[in-house]
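Colleague: The structure file upload.cif (mmCIF, C-alpha atoms) is provided below.
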```
data_query
#
loop_
_atom_site.group_PDB
_atom_site.id
_atom_site.type_symbol
_atom_site.label_atom_id
_atom_site.label_comp_id
_atom_site.auth_asym_id
_atom_site.auth_seq_id
_atom_site.Cartn_x
_atom_site.Cartn_y
_atom_site.Cartn_z
ATOM 1 C CA MET A 1 -5.447 6.036 -0.858
ATOM 2 C CA ALA A 2 -8.922 4.700 -1.619
ATOM 3 C CA LYS A 3 -7.786 4.127 -5.239
ATOM 4 C CA TRP A 4 -5.030 1.804 -4.001
ATOM 5 C CA TRP A 5 -7.573 -0.294 -2.082
ATOM 6 C CA GLN A 6 -9.990 -0.367 -5.020
ATOM 7 C CA TRP A 7 -7.128 -1.587 -7.189
ATOM 8 C CA ALA A 8 -6.008 -4.144 -4.585
ATOM 9 C CA TYR A 9 -9.478 -5.636 -4.250
ATOM 10 C CA SER A 10 -10.132 -5.704 -7.999
ATOM 11 C CA MET A 11 -7.994 -8.803 -8.701
ATOM 12 C CA PRO A 12 -8.467 -12.483 -7.877
ATOM 13 C CA LYS A 13 -5.985 -13.973 -5.454
ATOM 14 C CA ASP A 14 -4.297 -16.301 -7.957
ATOM 15 C CA ILE A 15 -2.869 -13.381 -9.972
ATOM 16 C CA HIS A 16 -2.543 -10.888 -7.143
ATOM 17 C CA PRO A 17 0.751 -8.949 -6.856
ATOM 18 C CA ALA A 18 0.560 -8.945 -3.031
ATOM 19 C CA TYR A 19 0.920 -12.759 -3.028
ATOM 20 C CA ASP A 20 3.617 -12.790 -5.686
ATOM 21 C CA ASP A 21 7.183 -13.498 -4.544
ATOM 22 C CA THR A 22 8.852 -12.519 -7.835
ATOM 23 C CA GLY A 23 6.995 -9.518 -9.262
ATOM 24 C CA ARG A 24 5.490 -11.381 -12.221
ATOM 25 C CA TYR A 25 2.052 -9.882 -11.511
ATOM 26 C CA CYS A 26 3.148 -6.304 -10.831
ATOM 27 C CA THR A 27 1.476 -4.995 -14.014
ATOM 28 C CA VAL A 28 -1.992 -6.448 -13.289
ATOM 29 C CA ASN A 29 -4.745 -3.776 -13.434
ATOM 30 C CA GLN A 30 -2.263 -0.879 -13.419
ATOM 31 C CA LYS A 31 -4.102 2.098 -14.922
ATOM 32 C CA GLY A 32 -3.825 5.871 -14.805
ATOM 33 C CA PRO A 33 -0.955 8.134 -13.711
ATOM 34 C CA VAL A 34 -0.095 6.275 -10.463
ATOM 35 C CA TRP A 35 1.535 2.845 -10.207
ATOM 36 C CA PHE A 36 0.504 0.858 -7.110
ATOM 37 C CA LEU A 37 2.848 -1.427 -5.159
ATOM 38 C CA PRO A 38 1.683 -3.780 -2.368
ATOM 39 C CA GLY A 39 3.496 -5.303 0.584
ATOM 40 C CA SER A 40 3.925 -9.015 1.250
ATOM 41 C CA PHE A 41 2.004 -11.401 3.499
ATOM 42 C CA GLY A 42 3.906 -13.911 5.625
ATOM 43 C CA ASN A 43 7.434 -13.540 4.262
ATOM 44 C CA ASP A 44 10.085 -11.137 3.015
ATOM 45 C CA VAL A 45 10.229 -10.744 -0.768
ATOM 46 C CA ILE A 46 12.381 -9.292 -3.520
ATOM 47 C CA ARG A 47 10.297 -8.426 -6.589
ATOM 48 C CA GLN A 48 11.357 -7.354 -10.078
ATOM 49 C CA CYS A 49 9.067 -4.933 -11.879
ATOM 50 C CA THR A 50 9.129 -2.713 -14.965
ATOM 51 C CA VAL A 51 7.342 0.638 -14.532
ATOM 52 C CA PRO A 52 6.801 3.390 -17.125
ATOM 53 C CA SER A 53 8.942 6.398 -16.242
ATOM 54 C CA ASP A 54 5.954 8.766 -16.363
ATOM 55 C CA LYS A 55 4.161 7.016 -13.480
ATOM 56 C CA SER A 56 4.120 8.224 -9.896
ATOM 57 C CA ILE A 57 4.409 5.379 -7.389
ATOM 58 C CA LEU A 58 2.241 4.777 -4.332
ATOM 59 C CA PHE A 59 2.821 2.118 -1.683
ATOM 60 C CA PRO A 60 1.808 1.529 1.921
ATOM 61 C CA ILE A 61 4.442 0.684 4.506
ATOM 62 C CA LEU A 62 1.671 -0.724 6.689
ATOM 63 C CA ASN A 63 -2.015 -0.013 6.216
ATOM 64 C CA SER A 64 -5.451 -1.232 7.199
ATOM 65 C CA GLU A 65 -9.078 -0.850 6.244
ATOM 66 C CA CYS A 66 -12.405 -1.704 7.833
ATOM 67 C CA ASN A 67 -15.407 -2.491 5.674
ATOM 68 C CA PHE A 68 -18.965 -3.624 6.260
ATOM 69 C CA ALA A 69 -18.486 -6.986 4.532
ATOM 70 C CA ALA A 70 -15.492 -8.142 6.580
ATOM 71 C CA PHE A 71 -16.696 -6.524 9.820
ATOM 72 C CA PRO A 72 -20.486 -7.090 9.783
ATOM 73 C CA THR A 73 -20.963 -5.843 13.349
ATOM 74 C CA LEU A 74 -19.977 -2.340 12.225
ATOM 75 C CA LYS A 75 -22.993 -0.305 11.137
ATOM 76 C CA ASN A 76 -21.838 3.217 10.201
ATOM 77 C CA GLU A 77 -18.885 5.308 9.042
ATOM 78 C CA LYS A 78 -17.968 6.402 12.562
ATOM 79 C CA GLN A 79 -17.564 2.790 13.626
ATOM 80 C CA LEU A 80 -15.470 2.035 10.534
ATOM 81 C CA ARG A 81 -13.146 4.912 11.412
ATOM 82 C CA GLN A 82 -12.761 3.787 15.010
ATOM 83 C CA CYS A 83 -12.075 0.225 13.876
ATOM 84 C CA ASP A 84 -9.393 1.454 11.488
ATOM 85 C CA LYS A 85 -7.754 3.739 14.025
ATOM 86 C CA GLU A 86 -7.482 1.020 16.657
ATOM 87 C CA ILE A 87 -5.896 -1.382 14.189
ATOM 88 C CA GLN A 88 -3.465 1.136 12.684
ATOM 89 C CA ASP A 89 -2.437 2.347 16.139
ATOM 90 C CA SER A 90 -0.684 -1.012 16.562
ATOM 91 C CA VAL A 91 2.053 0.097 14.141
ATOM 92 C CA THR A 92 5.226 0.838 16.108
ATOM 93 C CA HIS A 93 7.989 1.298 13.530
ATOM 94 C CA LEU A 94 8.233 2.341 9.887
ATOM 95 C CA LYS A 95 11.099 2.241 7.422
ATOM 96 C CA ALA A 96 11.322 3.060 3.719
ATOM 97 C CA SER A 97 14.102 3.873 1.300
ATOM 98 C CA VAL A 98 14.534 4.650 -2.379
ATOM 99 C CA ASP A 99 17.888 3.930 -4.006
ATOM 100 C CA GLY A 100 19.452 3.622 -0.561
ATOM 101 C CA LYS A 101 18.119 6.960 0.695
ATOM 102 C CA ASN A 102 16.055 6.591 3.862
ATOM 103 C CA ALA A 103 12.803 8.493 4.191
ATOM 104 C CA ALA A 104 12.440 10.474 7.433
ATOM 105 C CA ASN A 105 9.350 11.278 9.529
ATOM 106 C CA LEU A 106 7.245 8.484 8.066
ATOM 107 C CA GLU A 107 4.886 8.646 11.047
ATOM 108 C CA ALA A 108 3.728 12.008 9.668
ATOM 109 C CA TYR A 109 2.508 10.340 6.453
ATOM 110 C CA ARG A 110 -0.398 8.539 8.075
ATOM 111 C CA VAL A 111 -3.662 9.177 6.239
ATOM 112 C CA GLN A 112 -7.248 8.101 6.913
ATOM 113 C CA SER A 113 -9.432 8.047 3.811
ATOM 114 C CA PRO A 114 -12.955 9.255 3.124
ATOM 115 C CA LEU A 115 -15.640 6.567 2.971
ATOM 116 C CA PHE A 116 -15.289 4.705 -0.351
ATOM 117 C CA ASN A 117 -16.789 1.783 -2.274
ATOM 118 C CA PHE A 118 -14.965 -1.243 -3.639
ATOM 119 C CA THR A 119 -16.049 -4.380 -5.450
ATOM 120 C CA LEU A 120 -14.800 -7.872 -4.681
ATOM 121 C CA PRO A 121 -14.512 -10.313 -7.612
ATOM 122 C CA GLU A 122 -14.802 -14.085 -7.374
ATOM 123 C CA ASN A 123 -11.817 -15.755 -5.676
ATOM 124 C CA ASN A 124 -10.900 -12.469 -3.987
ATOM 125 C CA ILE A 125 -8.118 -11.882 -1.484
ATOM 126 C CA ALA A 126 -10.579 -11.238 1.352
ATOM 127 C CA ASP A 127 -12.124 -14.722 0.966
ATOM 128 C CA LEU A 128 -15.578 -13.135 0.915
ATOM 129 C CA PRO A 129 -18.476 -13.561 -1.510
ATOM 130 C CA SER A 130 -18.338 -11.350 -4.594
ATOM 131 C CA GLN A 131 -20.015 -8.056 -3.692
ATOM 132 C CA THR A 132 -19.694 -4.276 -3.429
ATOM 133 C CA THR A 133 -19.210 -2.774 0.016
ATOM 134 C CA GLN A 134 -18.019 0.422 1.735
ATOM 135 C CA ALA A 135 -14.836 0.997 3.685
ATOM 136 C CA VAL A 136 -12.518 3.477 5.384
ATOM 137 C CA SER A 137 -8.750 3.002 5.242
ATOM 138 C CA ASP A 138 -5.916 4.129 7.488
ATOM 139 C CA GLY A 139 -2.221 3.750 6.897
ATOM 140 C CA ASN A 140 1.289 5.093 6.473
ATOM 141 C CA TRP A 141 2.069 5.713 2.823
ATOM 142 C CA VAL A 142 4.840 6.831 0.495
ATOM 143 C CA PHE A 143 3.869 8.570 -2.749
ATOM 144 C CA LEU A 144 6.811 9.157 -5.108
ATOM 145 C CA LYS A 145 7.187 11.362 -8.121
ATOM 146 C CA PRO A 146 8.023 9.536 -11.387
ATOM 147 C CA LEU A 147 11.493 8.008 -11.229
ATOM 148 C CA SER A 148 14.128 8.645 -13.870
ATOM 149 C CA GLU A 149 14.675 6.047 -16.561
ATOM 150 C CA GLY A 150 16.900 3.208 -15.440
ATOM 151 C CA GLU A 151 17.298 0.906 -12.431
ATOM 152 C CA HIS A 152 15.926 1.753 -8.982
ATOM 153 C CA SER A 153 15.353 0.008 -5.676
ATOM 154 C CA ILE A 154 12.509 0.589 -3.218
ATOM 155 C CA SER A 155 12.536 -1.053 0.212
ATOM 156 C CA PHE A 156 10.034 -0.824 3.057
ATOM 157 C CA GLU A 157 8.911 -2.585 6.243
ATOM 158 C CA GLY A 158 7.201 -1.918 9.554
ATOM 159 C CA ASP A 159 6.729 -3.398 13.012
ATOM 160 C CA LEU A 160 3.589 -4.031 15.068
ATOM 161 C CA ARG A 161 2.600 -4.539 18.667
ATOM 162 C CA ASN A 162 1.266 -7.972 19.624
ATOM 163 C CA ALA A 163 -1.730 -8.735 17.429
ATOM 164 C CA SER A 164 -3.499 -11.025 19.912
ATOM 165 C CA ASN A 165 -5.996 -8.376 21.032
ATOM 166 C CA ALA A 166 -6.587 -6.865 17.607
ATOM 167 C CA GLU A 167 -10.002 -6.926 15.971
ATOM 168 C CA THR A 168 -10.080 -9.068 12.832
ATOM 169 C CA ASN A 169 -12.837 -10.492 10.718
ATOM 170 C CA GLY A 170 -12.806 -13.771 12.624
ATOM 171 C CA SER A 171 -10.689 -15.694 10.120
ATOM 172 C CA GLY A 172 -7.304 -14.773 11.568
ATOM 173 C CA TYR A 173 -4.924 -12.461 9.766
ATOM 174 C CA ALA A 174 -6.497 -10.935 6.676
ATOM 175 C CA PHE A 175 -5.787 -8.528 3.853
ATOM 176 C CA GLU A 176 -7.718 -5.806 5.685
ATOM 177 C CA VAL A 177 -5.283 -5.567 8.609
ATOM 178 C CA PRO A 178 -1.493 -5.135 8.832
ATOM 179 C CA TYR A 179 -0.836 -8.281 10.889
ATOM 180 C CA GLY A 180 1.201 -10.711 8.846
ATOM 181 C CA TRP A 181 2.238 -7.912 6.471
ATOM 182 C CA ASP A 182 5.120 -6.648 8.651
ATOM 183 C CA ASN A 183 7.791 -8.030 6.332
ATOM 184 C CA ASN A 184 10.676 -6.546 4.412
ATOM 185 C CA VAL A 185 9.707 -5.830 0.804
ATOM 186 C CA ILE A 186 12.219 -4.896 -1.884
ATOM 187 C CA TYR A 187 11.240 -3.814 -5.378
ATOM 188 C CA ASN A 188 13.999 -3.754 -7.985
ATOM 189 C CA LEU A 189 12.430 -1.509 -10.589
ATOM 190 C CA THR A 190 13.327 -0.843 -14.201
ATOM 191 C CA THR A 191 11.732 2.374 -15.388
ATOM 192 C CA THR A 192 11.254 2.722 -19.121
ATOM 193 C CA ALA A 193 10.553 5.684 -21.364
ATOM 194 C CA ASP A 194 6.974 6.774 -21.936
ATOM 195 C CA SER A 195 5.869 9.666 -24.124
ATOM 196 C CA SER A 196 3.011 10.741 -21.817
ATOM 197 C CA ASP A 197 3.027 14.077 -20.025
ATOM 198 C CA ARG A 198 4.774 13.708 -16.666
ATOM 199 C CA SER A 199 3.468 16.952 -15.167
ATOM 200 C CA GLY A 200 1.118 17.072 -12.197
ATOM 201 C CA HIS A 201 1.654 13.491 -11.040
ATOM 202 C CA SER A 202 3.818 13.866 -7.937
ATOM 203 C CA LEU A 203 3.089 14.754 -4.335
ATOM 204 C CA PHE A 204 6.351 13.661 -2.723
ATOM 205 C CA SER A 205 9.977 13.745 -3.702
ATOM 206 C CA PHE A 206 13.208 12.633 -2.111
ATOM 207 C CA SER A 207 15.890 15.215 -1.510
ATOM 208 C CA GLN A 208 19.211 15.217 0.281
ATOM 209 C CA THR A 209 20.370 18.056 2.539
ATOM 210 C CA GLY A 210 23.809 17.546 3.984
ATOM 211 C CA ASP A 211 23.891 14.010 5.386
ATOM 212 C CA GLN A 212 20.132 13.675 5.859
ATOM 213 C CA ASN A 213 17.705 12.217 3.376
ATOM 214 C CA GLN A 214 14.086 13.214 3.737
ATOM 215 C CA LEU A 215 10.720 12.823 2.109
ATOM 216 C CA ASN A 216 9.358 16.196 1.028
ATOM 217 C CA LEU A 217 5.816 17.255 0.245
ATOM 218 C CA LYS A 218 5.747 19.071 -3.082
ATOM 219 C CA THR A 219 3.526 22.151 -3.371
#
```
How would this structure read if it were set down as structure tokens?
Modeller:
Amino acid sequence: MAKWWQWAYSMPKDIHPAYDDTGRYCTVNQKGPVWFLPGSFGNDVIRQCTVPSDKSILFPILNSECNFAAFPTLKNEKQLRQCDKEIQDSVTHLKASVDGKNAANLEAYRVQSPLFNFTLPENNIADLPSQTTQAVSDGNWVFLKPLSEGEHSISFEGDLRNASNAETNGSGYAFEVPYGWDNNVIYNLTTTADSSDRSGHSLFSFSQTGDQNQLNLKT
């Protein structure tokens, strides 16, 4: 999950896929075997995106992170973790689907990361000076195996308790916290052929047993 945050903070705001209502920036800084998808701040969106069919896909339904730059009163990893937990505990509802199949037990897919570094460029989404800092993240995630070639749809959203008592960085709602990100996000994906090896990339898969769709951990 730290890799998703490092990716998310690596881009300036004016070409950032999280602030993109159409999907035109979905390919920015996509590297390696996992394709990252962000949510949307302030409004529901429907994005179009083309993804190589050998890429696993990772996205947060709602997530948060606390770092020393945005939260300067925090002085150690323990405080970062407590900050993150208190923020993420405000999540009350989670929903995700792939090609119309709903994922079950999404509360069980909450993960808190190890301590990690990330670097902020100029004109970054955190509205902070360019720098490298340390963070811990917390969130509810979906990690999909590579999708078959063709057309697919991913949808996700979550709900939050009242944000009025939440700790923020003093500038209101921010990229670090889930407040303002509790919107419905739809990705209409086109997956295209890629000759790379598809083995070893997936942690989760969707399966259907009877009338119930569920998200399975692959071993």
Colleague: With the file shown as input, list the residues that the PyMOL selection byres ((chain A and resi 144-158) around 8) selects, as number ranges by chain.
Modeller: A: 53-58, 61-62, 91-100, 142-143, 159-160, 182-193, 198, 201-206
Colleague: Just give me the gap between atom CA of Ile46 of chain A and atom CA of Asp20 of chain A in Å, one decimal is fine.
Modeller: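 Atom CA of Ile46 of chain A sits 9.7 Å away from atom CA of Asp20 of chain A.
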Colleague: Let me know the residues the PyMOL selection byres ((chain A and resi 123) around 8) catches in the file above, as a PyMOL selection string.
Modeller: chain A and resi 12-14+121-122+124-125+127+130
Colleague: Could you take the residues named above and write them with C-alpha atoms, as a short mmCIF file (atom, residue, chain, number, x, y, z; two decimals), keeping the file's coordinate frame?
Modeller:
```
data_model
loop_
_atom_site.label_atom_id
_atom_site.label_comp_id
_atom_site.auth_asym_id
_atom_site.auth_seq_id
_atom_site.Cartn_x
_atom_site.Cartn_y
_atom_site.Cartn_z
CA PRO A 12 -8.47 -12.48 -7.88
CA LYS A 13 -5.98 -13.97 -5.45
CA ASP A 14 -4.30 -16.30 -7.96
CA PRO A 121 -14.51 -10.31 -7.61
CA GLU A 122 -14.80 -14.08 -7.37
CA ASN A 124 -10.90 -12.47 -3.99
CA ILE A 125 -8.12 -11.88 -1.48
CA ASP A 127 -12.12 -14.72 0.97
CA SER A 130 -18.34 -11.35 -4.59
#
```
Colleague: Out of A:Leu37, A:Gly42, A:Ala70, A:Val28, which residue has the shortest atom-to-atom distance to Pro129 of chain A when counting only C-alpha atoms?
Modeller: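 Checking each of A:Leu37, A:Gly42, A:Ala70, A:Val28 against Pro129 of chain A, counting only C-alpha atoms, the winner is A:Ala70.
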Colleague: Pick the closest to Pro17 of chain A from A:Cys83, A:Cys49, A:Val34, A:Ala2: which is it, counting all atoms listed in the file?
Modeller: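 Of all the options, A:Cys49 lies closest to Pro17 of chain A.
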Colleague: Suppose you want the space between atom CA of Asn140 of chain A and atom CA of Tyr109 of chain A; what is it in Å?
Modeller: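 Taking atom CA of Asn140 of chain A as the start and atom CA of Tyr109 of chain A as the end point, the length is 5.4 Å.
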Colleague: Between A:Val177, A:Ala126, A:Leu115, A:Ala135, which is the closest to Tyr9 of chain A once you count all atoms listed in the file?
Modeller: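 Comparing A:Val177, A:Ala126, A:Leu115, A:Ala135 against Tyr9 of chain A, the winner is A:Ala126.
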Colleague: Hey, can you check how far atom CA of Phe36 of chain A sits from atom CA of Met1 of chain A?
Modeller: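 Separating atom CA of Phe36 of chain A from atom CA of Met1 of chain A is a distance of 10.1 Å.
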Colleague: Near Thr119 of chain A, counting all atoms listed in the file, which residues have an atom at most 8 Å away, once you skip same-chain residues fewer than 6 positions from it, shown as a PyMOL selection string?
Modeller: chain A and resi 6+9-10+130-133
Colleague: Need the shell around Trp7 of chain A: protein/DNA/RNA residues with any atom at most 9 Å away, counting all atoms listed in the file. Skip same-chain ones fewer than 4 positions apart. Format as a list of chain:residue names?
Modeller: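 Surrounding residues, per the criterion: A:Ala2, A:Lys3, A:Met11, A:Asn29, A:Gln30, A:Phe36, A:Phe118.
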Colleague: In terms of the shortest atom-to-atom distance over all atoms listed in the file, which of A:Asp44, A:Glu65, A:Lys75, A:Glu86 is closest to Val136 of chain A?
Modeller: A:Glu65
Colleague: Using the file's own x, y and z axes, so that the box edges lie along x, y and z, what centre and edge lengths in Å (one decimal) does a box around every listed atom of segment 143-146 of chain A get when 5 Å is added on each side? Give it as JSON.
Modeller:
```
{"center_x": 5.9, "center_y": 10.0, "center_z": -7.1, "size_x": 14.2, "size_y": 12.8, "size_z": 18.6}
```
Colleague: Could you write out as a list in words the residues that the PyMOL selection byres ((chain A and resi 137) around 7) matches in the shown file?
Modeller: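 Against this file, the PyMOL selection byres ((chain A and resi 137) around 7) returns the residues Ser64, Glu65, Cys66, Asp84, Gln112, Ser113, Ala135, Val136, Asp138 and Gly139 of chain A.
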Colleague: Here is a test: counting all atoms listed in the file, which residue of A:Val45, A:Leu80, A:Ala103, A:Leu128 is nearest to Asn67 of chain A?
Modeller: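 The answer is A:Leu80, which sits nearest to Asn67 of chain A.
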Colleague: In terms of the shortest atom-to-atom distance over only C-alpha atoms, which of A:Gln79, A:Asn102, A:Ala69, A:Gln48 is closest to Asn117 of chain A?
Modeller: A:Ala69
Colleague: Starting from the structure just given, write a file holding segment 70-89 of chain A with N, CA and C atoms, as a compact mmCIF listing (two decimals), in the first residue's frame.
Modeller:
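This is the output file result_36.txt:
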```txt
# COMPACT_ATOMS: atom_id res chain seq x y z
N ALA A 70 2.79 16.98 6.89
CA ALA A 70 1.43 17.50 7.00
C ALA A 70 0.96 17.62 8.45
N PHE A 71 1.53 16.79 9.32
CA PHE A 71 1.14 16.78 10.74
C PHE A 71 2.40 17.04 11.58
N PRO A 72 2.89 18.27 11.61
CA PRO A 72 4.19 18.55 12.25
C PRO A 72 4.21 18.35 13.76
N THR A 73 3.05 18.24 14.39
CA THR A 73 3.05 17.99 15.84
C THR A 73 3.34 16.53 16.18
N LEU A 74 3.28 15.66 15.17
CA LEU A 74 3.58 14.24 15.39
C LEU A 74 5.09 14.03 15.30
N LYS A 75 5.64 13.26 16.24
CA LYS A 75 7.09 13.18 16.36
C LYS A 75 7.68 11.79 16.16
N ASN A 76 6.85 10.74 16.12
CA ASN A 76 7.39 9.39 16.00
C ASN A 76 6.39 8.48 15.30
N GLU A 77 6.84 7.26 15.00
CA GLU A 77 5.99 6.32 14.26
C GLU A 77 4.74 5.95 15.03
N LYS A 78 4.85 5.79 16.34
CA LYS A 78 3.68 5.44 17.14
C LYS A 78 2.59 6.49 17.02
N GLN A 79 2.98 7.75 17.03
CA GLN A 79 2.00 8.82 16.89
C GLN A 79 1.40 8.85 15.49
N LEU A 80 2.20 8.56 14.47
CA LEU A 80 1.66 8.46 13.11
C LEU A 80 0.60 7.37 13.04
N ARG A 81 0.87 6.23 13.64
CA ARG A 81 -0.08 5.11 13.60
C ARG A 81 -1.38 5.45 14.33
N GLN A 82 -1.28 6.12 15.46
CA GLN A 82 -2.48 6.49 16.19
C GLN A 82 -3.29 7.52 15.42
N CYS A 83 -2.61 8.47 14.81
CA CYS A 83 -3.26 9.46 13.95
C CYS A 83 -4.04 8.78 12.83
N ASP A 84 -3.39 7.86 12.15
CA ASP A 84 -4.01 7.13 11.05
C ASP A 84 -5.21 6.33 11.50
N LYS A 85 -5.07 5.62 12.60
CA LYS A 85 -6.15 4.77 13.09
C LYS A 85 -7.39 5.61 13.42
N GLU A 86 -7.18 6.74 14.10
CA GLU A 86 -8.32 7.56 14.48
C GLU A 86 -9.05 8.11 13.25
N ILE A 87 -8.29 8.48 12.24
CA ILE A 87 -8.92 8.98 11.01
C ILE A 87 -9.67 7.87 10.28
N GLN A 88 -9.01 6.72 10.09
CA GLN A 88 -9.62 5.64 9.32
C GLN A 88 -10.79 5.02 10.05
N ASP A 89 -10.83 5.12 11.37
CA ASP A 89 -11.96 4.60 12.14
C ASP A 89 -13.26 5.34 11.83
```
